[in-house]
Amino acid sequence: MRTAFAAAALLVLAAPSQAADPARGKQLYDSRCIGCHSLDASRVGPAHRGVFGRRAGALKDYDYSAALRDSRVVWDARTLDRWLADPERLIPGQRMNYSVAEPADRADLIAYLRGQSQR
Amino acid sequence: MKSAEIIVPARRAFLGGAGKATLSVAAIALLAGQEALAQGASAGMQDVSILNVALGLEHEAINAYQLGAQSGLLTKPVLDVAVLFQSHHKGHRDALVATIRKLGGTPVAEKSMDDYAKALNAATLKSQADVLELAARLEMGATNAYLGVIPAFKDPALAKVAGRLAADETMHWSILANALGKPMPMAALSFGA
């Protein structure tokens with residue numbers, strides 16, 4: 001019984017990433033992120049292509065906050081989810097301050113960024 | 001009233017306006033053991049950080065419209081609108097700079113036109129529609145950026161400012177979208193989501 005419950009809980013936890021929609025993630029990126037970010041150019045915010053597996057604050061052409069530069073965060077699905085949910089909580093002193101409240105939106109954005117990082 | 005004066009929160013203006021004065025209050029509060037007041041100063045610096053990101057957006061918008069205006073691709077009536085919108089962004093810039101300074105921060109510097117041209121891929125602009133598409137994309141992004149940082153402000157007066165900036169960007173986007181023949185948003189609450 002306990003095993004069955006644990007398995008069900010795992011399924012529930014896994015569900016958002018299984019349902020993540022990179023096409024919707026692109027739509028969200030083009031409306032919510034594009035004000036500051038691009039995939040291939042650092043603008044108000046740093047460029048995003050290749051973000052998966054990259055250490056926070058690592059791009060040479062972007063002037064990061066000291067908090068980002070000094071952090072030891074490496075971007076993956078888990079750290080990106082925490083970052084998008086509450087950037088100040090993950091890395092106090094950061095400068096983005098923009099958060100994405102809905103877990104499904106974060107999952108779709110992360111799926112999109114993962115796909116673009118692999119190109 | 002000058003636009004630069006519009007967004008200075010009344011509470012901070014009452015404190016005398018100088019950021020150094022705010023920090024001094026924080027220092028005094030720390031000495032007196034009043035941590036809540038000291039945290040208020042820290043919160044003020046987080047607000048400055050948000051305002052500086054906004055200023056970066058405005059610098060980019062001003063330069064984007066300049067690139068469009070200098071491109072030779074815009075007809076006279078469209079050029080007039082672009083210059084008007086650019087003047088709004090200059091008003092935003094001036095107001096943000098004044099507020100950041102009053103809060104004791106250092107306004108982020110504008111980059112070179114070449115930097116903006118490269119980052120915005122301006123070399124690919126070949127028609128008036130291309131310029132308007134770029135402007136509309138940036139205005140939509142700015143609208144959503146401003147709406148998205150509203151909850152992060154510690155000072156409600158600055159959150160209201162972000163709302164007012166978002167309203168200007170939305171107005172720009174609406175006119176640009178109309179000029180491009182884009183359909184109106186069919187759903188309610190289409191911005192900020």
# chains A, B, ... in the order shown; residues from 1 in each chain; ligands from 1

$ residues_around --residues "region 128-145 of chain B" --least-positions-apart "6" --cutoff "10 Å" --atoms "only C-alpha atoms" --output "short mmCIF file (atom, residue, chain, number, x, y, z; two decimals) with C-alpha atoms, in the first residue's frame"
data_model
loop_
_atom_site.label_atom_id
_atom_site.label_comp_id
_atom_site.auth_asym_id
_atom_site.auth_seq_id
_atom_site.Cartn_x
_atom_site.Cartn_y
_atom_site.Cartn_z
CA TYR A 29 9.17 33.32 -24.18
CA ASP A 30 8.18 35.60 -27.07
CA SER A 31 5.69 37.50 -24.94
CA ARG A 32 7.19 37.50 -21.45
CA CYS A 33 10.95 37.16 -21.78
CA ILE A 34 11.67 38.94 -25.05
CA GLY A 35 11.56 42.37 -23.45
CA CYS A 36 14.94 41.71 -21.87
CA HIS A 37 16.29 38.49 -23.37
CA MET A 96 16.05 39.98 -12.53
CA ASN A 97 13.18 40.13 -10.03
CA TYR A 98 10.75 38.80 -12.66
CA SER A 99 9.00 35.63 -11.63
CA VAL B 53 16.62 46.94 -15.24
CA ALA B 54 13.71 49.13 -16.36
CA LEU B 57 14.85 48.52 -21.22
CA GLU B 58 14.23 52.21 -21.87
CA GLU B 60 17.25 49.93 -25.59
CA ALA B 61 13.84 51.20 -26.70
CA ALA B 64 15.66 50.86 -31.29
CA TYR B 65 13.46 53.76 -32.38
CA LEU B 67 17.71 52.80 -35.52
CA GLY B 68 14.29 52.76 -37.14
CA ALA B 69 14.24 56.52 -37.64
CA SER B 71 16.97 53.48 -41.42
CA GLY B 72 15.30 55.45 -44.19
CA LEU B 73 12.62 52.75 -44.26
CA LEU B 74 9.84 54.74 -42.54
CA THR B 75 7.35 56.94 -44.34
CA VAL B 78 5.15 56.52 -39.42
CA LEU B 79 8.43 58.30 -38.71
CA ALA B 82 8.19 56.56 -34.05
CA PHE B 85 7.09 57.02 -29.05
CA LEU B 120 18.69 43.73 -32.04
CA ASN B 121 19.96 42.33 -35.32
CA ALA B 122 19.21 45.65 -37.02
CA ALA B 162 5.66 50.14 -13.15
CA GLY B 163 1.95 49.90 -13.93
CA ARG B 164 1.99 53.34 -15.52
CA LEU B 165 5.05 52.48 -17.61
CA ALA B 166 3.32 49.27 -18.70
CA ALA B 167 0.28 51.31 -19.74
CA ASP B 168 2.43 53.49 -22.01
CA GLU B 169 4.09 50.44 -23.59
CA THR B 170 0.70 48.82 -24.11
CA MET B 171 -0.53 51.95 -25.87
CA HIS B 172 2.54 51.82 -28.13
CA TRP B 173 2.04 48.13 -28.87
CA SER B 174 -1.64 48.65 -29.68
CA ILE B 175 -0.92 51.35 -32.25
CA LEU B 176 1.98 49.43 -33.79
CA ALA B 177 -0.10 46.25 -33.98
CA ALA B 179 -0.46 49.63 -38.20
CA LEU B 180 0.79 46.13 -38.94
CA SER B 190 -3.89 38.90 -22.62
CA PHE B 191 -1.05 40.99 -21.20
CA GLY B 192 1.18 39.83 -18.38
CA ALA B 193 0.35 36.20 -18.95
#

$ select_by_dssp --residues "chain A" --states "alpha helix (DSSP H)" --output "ChimeraX atom specification"
/A:2-19,22-28,66-70,77-85,87-90,103-117

$ residues_around --residues "Val97 (chain B)" --least-positions-apart "6" --cutoff "9 Å" --atoms "only C-alpha atoms" --output "PyMOL selection string"
chain B and resi 4+51-52+55+106-108

$ write_last_selection --atoms "all heavy atoms" --output "short mmCIF file (atom, residue, chain, number, x, y, z; two decimals), in the first residue's frame"
data_model
loop_
_atom_site.label_atom_id
_atom_site.label_comp_id
_atom_site.auth_asym_id
_atom_site.auth_seq_id
_atom_site.Cartn_x
_atom_site.Cartn_y
_atom_site.Cartn_z
N ALA B 4 9.95 63.74 -14.83
CA ALA B 4 10.92 63.17 -13.91
C ALA B 4 10.46 63.27 -12.46
O ALA B 4 10.95 62.56 -11.61
CB ALA B 4 12.27 63.87 -14.08
N LEU B 51 14.47 49.11 -10.84
CA LEU B 51 14.38 50.34 -11.65
C LEU B 51 15.52 50.40 -12.66
O LEU B 51 15.35 50.89 -13.77
CB LEU B 51 14.42 51.57 -10.74
CG LEU B 51 13.21 51.75 -9.81
CD1 LEU B 51 13.45 52.93 -8.86
CD2 LEU B 51 11.93 51.99 -10.60
N ASN B 52 16.69 49.89 -12.28
CA ASN B 52 17.81 49.92 -13.21
C ASN B 52 17.61 48.96 -14.38
O ASN B 52 18.04 49.24 -15.50
CB ASN B 52 19.12 49.61 -12.48
CG ASN B 52 20.01 50.83 -12.37
OD1 ASN B 52 20.00 51.69 -13.26
ND2 ASN B 52 20.78 50.91 -11.30
N LEU B 55 15.42 50.82 -16.58
CA LEU B 55 16.19 51.84 -17.31
C LEU B 55 16.93 51.21 -18.49
O LEU B 55 17.00 51.80 -19.57
CB LEU B 55 17.17 52.52 -16.35
CG LEU B 55 18.07 53.60 -16.94
CD1 LEU B 55 17.25 54.71 -17.60
CD2 LEU B 55 18.98 54.19 -15.86
N THR B 106 22.90 54.18 -8.61
CA THR B 106 23.63 54.68 -9.79
C THR B 106 22.92 54.19 -11.03
O THR B 106 22.83 52.97 -11.25
CB THR B 106 25.08 54.16 -9.79
OG1 THR B 106 25.71 54.57 -8.58
CG2 THR B 106 25.85 54.71 -10.98
N PRO B 107 22.41 55.10 -11.84
CA PRO B 107 21.68 54.67 -13.05
C PRO B 107 22.58 53.89 -14.00
O PRO B 107 23.73 54.28 -14.23
CB PRO B 107 21.24 56.00 -13.68
CG PRO B 107 21.32 57.00 -12.59
CD PRO B 107 22.43 56.56 -11.68
N VAL B 108 22.06 52.81 -14.55
CA VAL B 108 22.83 52.01 -15.50
C VAL B 108 23.07 52.85 -16.77
O VAL B 108 22.22 53.63 -17.19
CB VAL B 108 22.09 50.70 -15.83
CG1 VAL B 108 20.80 50.96 -16.61
CG2 VAL B 108 22.97 49.75 -16.60
#

$ residues_around --residues "region 42-50 of chain A" --least-positions-apart "6" --cutoff "6 Å" --atoms "only C-alpha atoms" --output "list in words"
Cys36, Tyr62, Gln116 and Ser117 of chain A; Gly56 of chain B

$ closest_residue --among "A:Leu113, A:Ala41, A:Ala23, A:Leu84" --to "Tyr116 (chain B)" --atoms "only C-alpha atoms"
A:Ala41

$ closest_residue --among "A:Pro103, A:Gly53, A:Gly93, A:Pro22" --to "chain B" --atoms "only C-alpha atoms"
A:Gly93

$ atom_distance --atom1 "CA of Asp21 (chain A)" --atom2 "CA of Gly148 (chain B)"
21.6 Å

$ closest_residue --among "B:Lys154, B:Lys182, B:Lys160, B:His88" --to "chain A" --atoms "only C-alpha atoms"
B:Lys154

$ closest_residue --among "B:Gln66, B:Gln86, B:Asn178, B:Gln46" --to "Leu103 (chain B)" --atoms "only C-alpha atoms"
B:Gln46
